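Chemist: One structure, pasted below without further comment.
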Amino acid sequence: MRIVVKIGTSNITYPTGRLNIRHMEALCKILSDIKNSGCELIVVSSGATAMGVGKLKLSEKPSDMPGKQACAAVGQCELMYTYDKMFTEHSHTVAQILITGDDFKDKTRYENFANTLERLLELKALPIINENDTVSTVEYGVGDNDTLGALVATGVNADLLVLLSDIDGLYTSDPRKDPEAKLIPRVEEITDSIMALGGGKGSALGTGGMATKLGAAKRCMAKGIDMAIINGARPELLYDLIEGKAAGTLFVGRK
C-alpha cells in the first residue's frame, strides 16, 4: 500500500512556532511502525515557516514575502533535523525534497522528481516533501501543502492520501462555531453543497483550510485515489484507516 501523509503546521508546532515535541514524537513513531509493516510512505510536511518564526523568536509570522522566506529558510533546517533525529531512532532514513509549482508544470523537471521519488522508495527511504518556500511566490508556487499532497499522490499513483488536520474531519458546519455540527464520515462525490462547507483559512501560522482540503479530495477522487482527513492529534487513527475502519472523513476514489 502506497500512502502519502500530509502533516499540517498545527500538528507539529505550537502557536508560538516552537516544536510540539509530544505530537511529533508520537507521529514519527506511528509512521515508522506503519512503514515497518510494509507500506510505502511519503510525507508532505508543512511547518518550516512556523518553526522559523519560533527559531528566530519572532512574535508573529511576517507579513512580507522576504520575511516569510527568511523564516522558511531557517525553519526548514530545524524541521528536517527534527525528522531525521526522530525517524533515525526508529531505524528509518529520511530524504528531503523541496519543490515548486514550476516543477509540476515542466515535463522534464517533473519526470526527474517522480523518478527520484520512485528510487527513494525502492531504497526504503522515507521521502519528506515540502514546497521550496524560500523561492516560491504566489505566482510560481503550489500555494498550500494540501494541494501539494494531492499532486504528489496522483503523480505517484498512491492508494491513499491522508491529510492530518487540527479537526476530526469534514463537518456539516464549522464545529468551532456551531455546537450542533456533525462529522461527515464518508463522501463519495464532491458536490456543490460539499464544496460550500469549505469555509476559510486554517491556523494563523498555516496556509491551508478546509477549502484546500476539499480541492485536494476532488483531485484525488477523480484519479481513483482515496483521501482522508483525520485529526493529527490522534495519529493512531492512521492504523484504523489502513485497516478499513471508520476514521475522520473518508473521500472515496472513483475506481
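By convention here, the chains of the C-alpha cells are called A, B, ... in the order presented, each chain's residues are numbered starting at 1, and ligands are numbered starting at 1 in the order presented.
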Do a neighbour search on stretch 225-238 of chain A at 7 Å with only C-alpha atoms, toss out local chain neighbours closer than 3 positions, and write the hits as a PyMOL selection string.

Modeler: chain A and resi 11+23+27+30+158-169+217+220-221+241-242+247-253

Chemist: Applying 12 Å and only C-alpha atoms, which residues near A:Cys71 remain after dropping the ones on its own chain fewer than 3 positions away? List them as a PyMOL selection string.

Modeler: chain A and resi 17+47-58+60-68+74-79+132-135+205

Chemist: Those same residues - N, CA and C atoms - I'd like them written as a JSON list (two decimals), in the first residue's frame.

Modeler:
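Saved file out_4.json follows:
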```json
[["chain", "number", "residue", "atom", "x", "y", "z"],
["A", 17, "GLY", "N", 5.18, 28.76, 17.32],
["A", 17, "GLY", "CA", 6.13, 28.33, 16.31],
["A", 17, "GLY", "C", 7.13, 27.32, 16.84],
["A", 47, "GLY", "N", 5.25, 23.40, 8.06],
["A", 47, "GLY", "CA", 5.86, 23.72, 9.33],
["A", 47, "GLY", "C", 7.16, 24.49, 9.28],
["A", 48, "ALA", "N", 7.79, 24.61, 8.10],
["A", 48, "ALA", "CA", 9.09, 25.26, 8.03],
["A", 48, "ALA", "C", 9.00, 26.74, 8.44],
["A", 49, "THR", "N", 8.04, 27.45, 7.86],
["A", 49, "THR", "CA", 7.93, 28.88, 8.18],
["A", 49, "THR", "C", 7.61, 29.08, 9.65],
["A", 50, "ALA", "N", 6.68, 28.28, 10.18],
["A", 50, "ALA", "CA", 6.31, 28.40, 11.59],
["A", 50, "ALA", "C", 7.50, 28.12, 12.50],
["A", 51, "MET", "N", 8.27, 27.10, 12.19],
["A", 51, "MET", "CA", 9.43, 26.77, 13.01],
["A", 51, "MET", "C", 10.50, 27.85, 12.89],
["A", 52, "GLY", "N", 10.56, 28.51, 11.74],
["A", 52, "GLY", "CA", 11.47, 29.64, 11.59],
["A", 52, "GLY", "C", 11.06, 30.80, 12.47],
["A", 53, "VAL", "N", 9.74, 31.03, 12.56],
["A", 53, "VAL", "CA", 9.23, 32.08, 13.45],
["A", 53, "VAL", "C", 9.66, 31.81, 14.89],
["A", 54, "GLY", "N", 9.54, 30.54, 15.30],
["A", 54, "GLY", "CA", 9.94, 30.16, 16.65],
["A", 54, "GLY", "C", 11.44, 30.25, 16.86],
["A", 55, "LYS", "N", 12.19, 29.75, 15.89],
["A", 55, "LYS", "CA", 13.65, 29.74, 16.00],
["A", 55, "LYS", "C", 14.22, 31.15, 16.05],
["A", 56, "LEU", "N", 13.61, 32.07, 15.29],
["A", 56, "LEU", "CA", 14.07, 33.46, 15.27],
["A", 56, "LEU", "C", 13.47, 34.30, 16.40],
["A", 57, "LYS", "N", 12.62, 33.64, 17.20],
["A", 57, "LYS", "CA", 11.99, 34.30, 18.37],
["A", 57, "LYS", "C", 11.17, 35.53, 17.96],
["A", 58, "LEU", "N", 10.45, 35.40, 16.84],
["A", 58, "LEU", "CA", 9.57, 36.46, 16.39],
["A", 58, "LEU", "C", 8.21, 36.35, 17.09],
["A", 60, "GLU", "N", 5.29, 37.02, 15.73],
["A", 60, "GLU", "CA", 4.27, 36.56, 14.79],
["A", 60, "GLU", "C", 4.91, 36.29, 13.44],
["A", 61, "LYS", "N", 4.17, 35.62, 12.58],
["A", 61, "LYS", "CA", 4.62, 35.34, 11.22],
["A", 61, "LYS", "C", 4.73, 36.64, 10.44],
["A", 62, "PRO", "N", 5.85, 36.91, 9.76],
["A", 62, "PRO", "CA", 5.98, 38.14, 8.98],
["A", 62, "PRO", "C", 4.91, 38.24, 7.90],
["A", 63, "SER", "N", 4.55, 39.46, 7.55],
["A", 63, "SER", "CA", 3.54, 39.66, 6.50],
["A", 63, "SER", "C", 4.18, 39.88, 5.14],
["A", 64, "ASP", "N", 5.47, 40.24, 5.11],
["A", 64, "ASP", "CA", 6.14, 40.50, 3.84],
["A", 64, "ASP", "C", 6.78, 39.22, 3.31],
["A", 65, "MET", "N", 6.90, 39.11, 1.98],
["A", 65, "MET", "CA", 7.42, 37.90, 1.35],
["A", 65, "MET", "C", 8.86, 37.59, 1.75],
["A", 66, "PRO", "N", 9.80, 38.56, 1.73],
["A", 66, "PRO", "CA", 11.16, 38.23, 2.16],
["A", 66, "PRO", "C", 11.23, 37.74, 3.60],
["A", 67, "GLY", "N", 10.38, 38.29, 4.46],
["A", 67, "GLY", "CA", 10.35, 37.85, 5.85],
["A", 67, "GLY", "C", 9.86, 36.41, 5.97],
["A", 68, "LYS", "N", 8.81, 36.07, 5.23],
["A", 68, "LYS", "CA", 8.30, 34.69, 5.24],
["A", 68, "LYS", "C", 9.35, 33.73, 4.69],
["A", 74, "VAL", "N", 15.26, 29.35, 7.64],
["A", 74, "VAL", "CA", 15.72, 28.94, 8.97],
["A", 74, "VAL", "C", 14.96, 27.71, 9.45],
["A", 75, "GLY", "N", 13.65, 27.74, 9.27],
["A", 75, "GLY", "CA", 12.80, 26.67, 9.80],
["A", 75, "GLY", "C", 12.95, 25.34, 9.09],
["A", 76, "GLN", "N", 13.26, 25.36, 7.78],
["A", 76, "GLN", "CA", 13.41, 24.10, 7.05],
["A", 76, "GLN", "C", 14.56, 23.28, 7.60],
["A", 77, "CYS", "N", 15.63, 23.96, 8.00],
["A", 77, "CYS", "CA", 16.77, 23.26, 8.61],
["A", 77, "CYS", "C", 16.34, 22.57, 9.90],
["A", 78, "GLU", "N", 15.63, 23.31, 10.72],
["A", 78, "GLU", "CA", 15.16, 22.77, 12.00],
["A", 78, "GLU", "C", 14.18, 21.62, 11.80],
["A", 79, "LEU", "N", 13.28, 21.79, 10.82],
["A", 79, "LEU", "CA", 12.27, 20.78, 10.54],
["A", 79, "LEU", "C", 12.91, 19.46, 10.13],
["A", 132, "ASN", "N", 9.35, 24.59, -1.76],
["A", 132, "ASN", "CA", 10.55, 25.37, -1.53],
["A", 132, "ASN", "C", 10.15, 26.83, -1.28],
["A", 133, "ASP", "N", 9.74, 27.09, -0.04],
["A", 133, "ASP", "CA", 9.17, 28.40, 0.30],
["A", 133, "ASP", "C", 10.18, 29.54, 0.25],
["A", 134, "THR", "N", 11.47, 29.23, 0.21],
["A", 134, "THR", "CA", 12.47, 30.30, 0.13],
["A", 134, "THR", "C", 12.52, 30.94, -1.25],
["A", 135, "VAL", "N", 11.99, 30.26, -2.27],
["A", 135, "VAL", "CA", 12.00, 30.82, -3.62],
["A", 135, "VAL", "C", 10.60, 30.90, -4.23],
["A", 205, "LEU", "N", -0.53, 30.29, 11.67],
["A", 205, "LEU", "CA", 0.80, 30.02, 11.14],
["A", 205, "LEU", "C", 0.77, 29.14, 9.89]]
```

Chemist: Would you kindly return, as a list in words, each protein, DNA or RNA residue with an atom no farther than 10 Å from any atom of A:Glu40, considering only C-alpha atoms and excluding same-chain residues fewer than 2 positions away?

Modeler: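 My reading of the contact set: Met1, Arg2, Ile3, Val4, Ile34, Lys35, Asn36, Ser37, Gly38, Ile42, Leu121, Glu122, Lys124, Ala125, Leu126, Pro127, Ala158 and Asp159 of chain A.
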
Chemist: Residues as selected, N, CA and C atoms, written as a compact mmCIF listing (two decimals), in the first residue's frame, can you do that?

Modeler:
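Final output, saved to part38.txt:
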```txt
# COMPACT_ATOMS: atom_id res chain seq x y z
N MET A 1 0.84 -1.20 0.00
CA MET A 1 0.00 0.00 0.00
C MET A 1 0.88 1.24 0.00
N ARG A 2 0.63 2.15 -0.93
CA ARG A 2 1.40 3.38 -1.03
C ARG A 2 0.57 4.53 -0.46
N ILE A 3 1.10 5.17 0.57
CA ILE A 3 0.35 6.18 1.31
C ILE A 3 1.13 7.49 1.35
N VAL A 4 0.45 8.58 1.02
CA VAL A 4 1.02 9.92 1.20
C VAL A 4 0.35 10.54 2.42
N ILE A 34 4.07 1.93 10.80
CA ILE A 34 3.33 1.64 9.56
C ILE A 34 4.29 1.29 8.44
N LYS A 35 5.39 1.99 8.36
CA LYS A 35 6.40 1.68 7.35
C LYS A 35 7.00 0.29 7.60
N ASN A 36 7.20 -0.06 8.87
CA ASN A 36 7.71 -1.39 9.22
C ASN A 36 6.78 -2.50 8.73
N SER A 37 5.48 -2.20 8.66
CA SER A 37 4.50 -3.21 8.26
C SER A 37 4.57 -3.52 6.76
N GLY A 38 5.31 -2.71 6.01
CA GLY A 38 5.46 -2.95 4.58
C GLY A 38 4.85 -1.89 3.69
N ILE A 42 5.15 8.29 1.97
CA ILE A 42 5.70 9.57 1.53
C ILE A 42 5.08 10.63 2.42
N LEU A 121 11.89 5.29 -2.78
CA LEU A 121 11.00 4.25 -2.24
C LEU A 121 11.62 2.87 -2.44
N GLU A 122 12.25 2.66 -3.58
CA GLU A 122 12.94 1.38 -3.82
C GLU A 122 14.04 1.16 -2.79
N LYS A 124 13.97 2.09 0.18
CA LYS A 124 13.33 2.03 1.51
C LYS A 124 13.53 3.29 2.34
N ALA A 125 13.84 4.40 1.65
CA ALA A 125 13.96 5.68 2.35
C ALA A 125 12.57 6.27 2.55
N LEU A 126 12.49 7.26 3.41
CA LEU A 126 11.23 7.94 3.69
C LEU A 126 11.32 9.37 3.14
N PRO A 127 10.76 9.64 1.95
CA PRO A 127 10.82 10.98 1.38
C PRO A 127 9.96 11.95 2.19
N ALA A 158 -0.64 6.84 -5.72
CA ALA A 158 -0.82 6.37 -4.35
C ALA A 158 -2.18 5.70 -4.18
N ASP A 159 -2.28 4.88 -3.17
CA ASP A 159 -3.57 4.27 -2.83
C ASP A 159 -4.39 5.18 -1.93
```

Chemist: Using only C-alpha atoms, which residues sit within 7 Å of stretch 85-92 of chain A once same-chain residues fewer than 4 positions away are excluded, as a list in words?

Modeler: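 My list of contacting residues is Glu25, Cys28, Ser32, Tyr81 and Ala125 of chain A.
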
Chemist: Using C-alpha atoms, can you write the selected residues to a file as a compact mmCIF listing (two decimals), in the first residue's frame?

Modeler:
```txt
# COMPACT_ATOMS: atom_id res chain seq x y z
CA GLU A 25 7.31 12.07 18.65
CA CYS A 28 7.00 9.73 13.88
CA SER A 32 7.69 4.29 11.47
CA TYR A 81 16.91 17.99 11.60
CA ALA A 125 13.96 5.68 2.35
```

Chemist: Using DSSP secondary structure from the backbone, list all helix (DSSP H, G or I) positions within stretch 111-220 of chain A, as a ChimeraX atom specification.

Modeler: /A:111-122,145-155,192-198,210-220

Chemist: As a ChimeraX atom specification, please: every residue in stretch 130-223 of chain A that DSSP puts in strand (DSSP E).

Modeler: /A:130-131,160-165,186-187

Chemist: Go ahead and write the residues just picked, N, CA and C atoms, as a compact mmCIF listing (two decimals), in the first residue's frame.

Modeler:
```
# COMPACT_ATOMS: atom_id res chain seq x y z
N ASN A 130 8.40 19.16 0.84
CA ASN A 130 7.81 20.45 1.19
C ASN A 130 7.98 21.37 0.01
N GLU A 131 7.13 22.38 -0.09
CA GLU A 131 7.34 23.38 -1.12
C GLU A 131 8.57 24.19 -0.76
N LEU A 160 -3.68 6.00 -1.14
CA LEU A 160 -4.37 6.80 -0.14
C LEU A 160 -3.57 8.06 0.15
N LEU A 161 -4.28 9.19 0.24
CA LEU A 161 -3.71 10.43 0.75
C LEU A 161 -4.39 10.73 2.07
N VAL A 162 -3.60 10.98 3.10
CA VAL A 162 -4.14 11.33 4.41
C VAL A 162 -3.72 12.76 4.74
N LEU A 163 -4.70 13.61 5.01
CA LEU A 163 -4.42 14.97 5.44
C LEU A 163 -4.63 15.05 6.94
N LEU A 164 -3.55 15.26 7.67
CA LEU A 164 -3.66 15.44 9.12
C LEU A 164 -4.03 16.90 9.39
N SER A 165 -5.08 17.08 10.14
CA SER A 165 -5.61 18.42 10.38
C SER A 165 -5.69 18.69 11.88
N ARG A 186 -18.13 9.87 5.52
CA ARG A 186 -17.82 9.32 4.19
C ARG A 186 -18.40 10.23 3.11
N VAL A 187 -17.59 10.52 2.11
CA VAL A 187 -18.02 11.34 0.98
C VAL A 187 -17.69 10.58 -0.31
```

Chemist: To one decimal in Å, tell me the separation between atom CA of A:Asp103 and atom CA of A:Ile128.

Modeler: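 Between atom CA of A:Asp103 and atom CA of A:Ile128 the gap is 16.1 Å.
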
Chemist: Extract, using only C-alpha atoms, all DNA, RNA and protein residues at most 6 Å from A:Ile129, discarding same-chain residues fewer than 3 positions from it, and format them as a PDB file with N, CA and C atoms, in the first residue's frame.

Modeler:
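Output contents, as saved in part_17.pdb:
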```
ATOM      1  N   VAL A  44       4.404  14.638   3.189  1.00  0.00           N
ATOM      2  CA  VAL A  44       4.410  16.032   2.743  1.00  0.00           C
ATOM      3  C   VAL A  44       4.226  16.862   4.005  1.00  0.00           C
ATOM      4  N   ILE A  97      13.006  16.529  -0.095  1.00  0.00           N
ATOM      5  CA  ILE A  97      12.741  17.001  -1.455  1.00  0.00           C
ATOM      6  C   ILE A  97      12.000  18.331  -1.339  1.00  0.00           C
ATOM      7  N   LEU A  98      12.576  19.386  -1.897  1.00  0.00           N
ATOM      8  CA  LEU A  98      11.948  20.703  -1.932  1.00  0.00           C
ATOM      9  C   LEU A  98      11.582  21.015  -3.378  1.00  0.00           C
TER      10      LEU A  98
END
```

Chemist: From the list A:Ala114, A:Val43, A:Met195, A:Ala73, which residue is nearest A:Thr154 when using only C-alpha atoms?

Modeler: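 Closest residue, counting only C-alpha atoms: A:Ala114.
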
Chemist: Quick one: of A:Glu111, A:Val5, A:Ile99, A:Leu148, who's nearest to A:Leu41, counting only C-alpha atoms?

Modeler: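 Checking each candidate against A:Leu41, we get A:Val5 as the closest.
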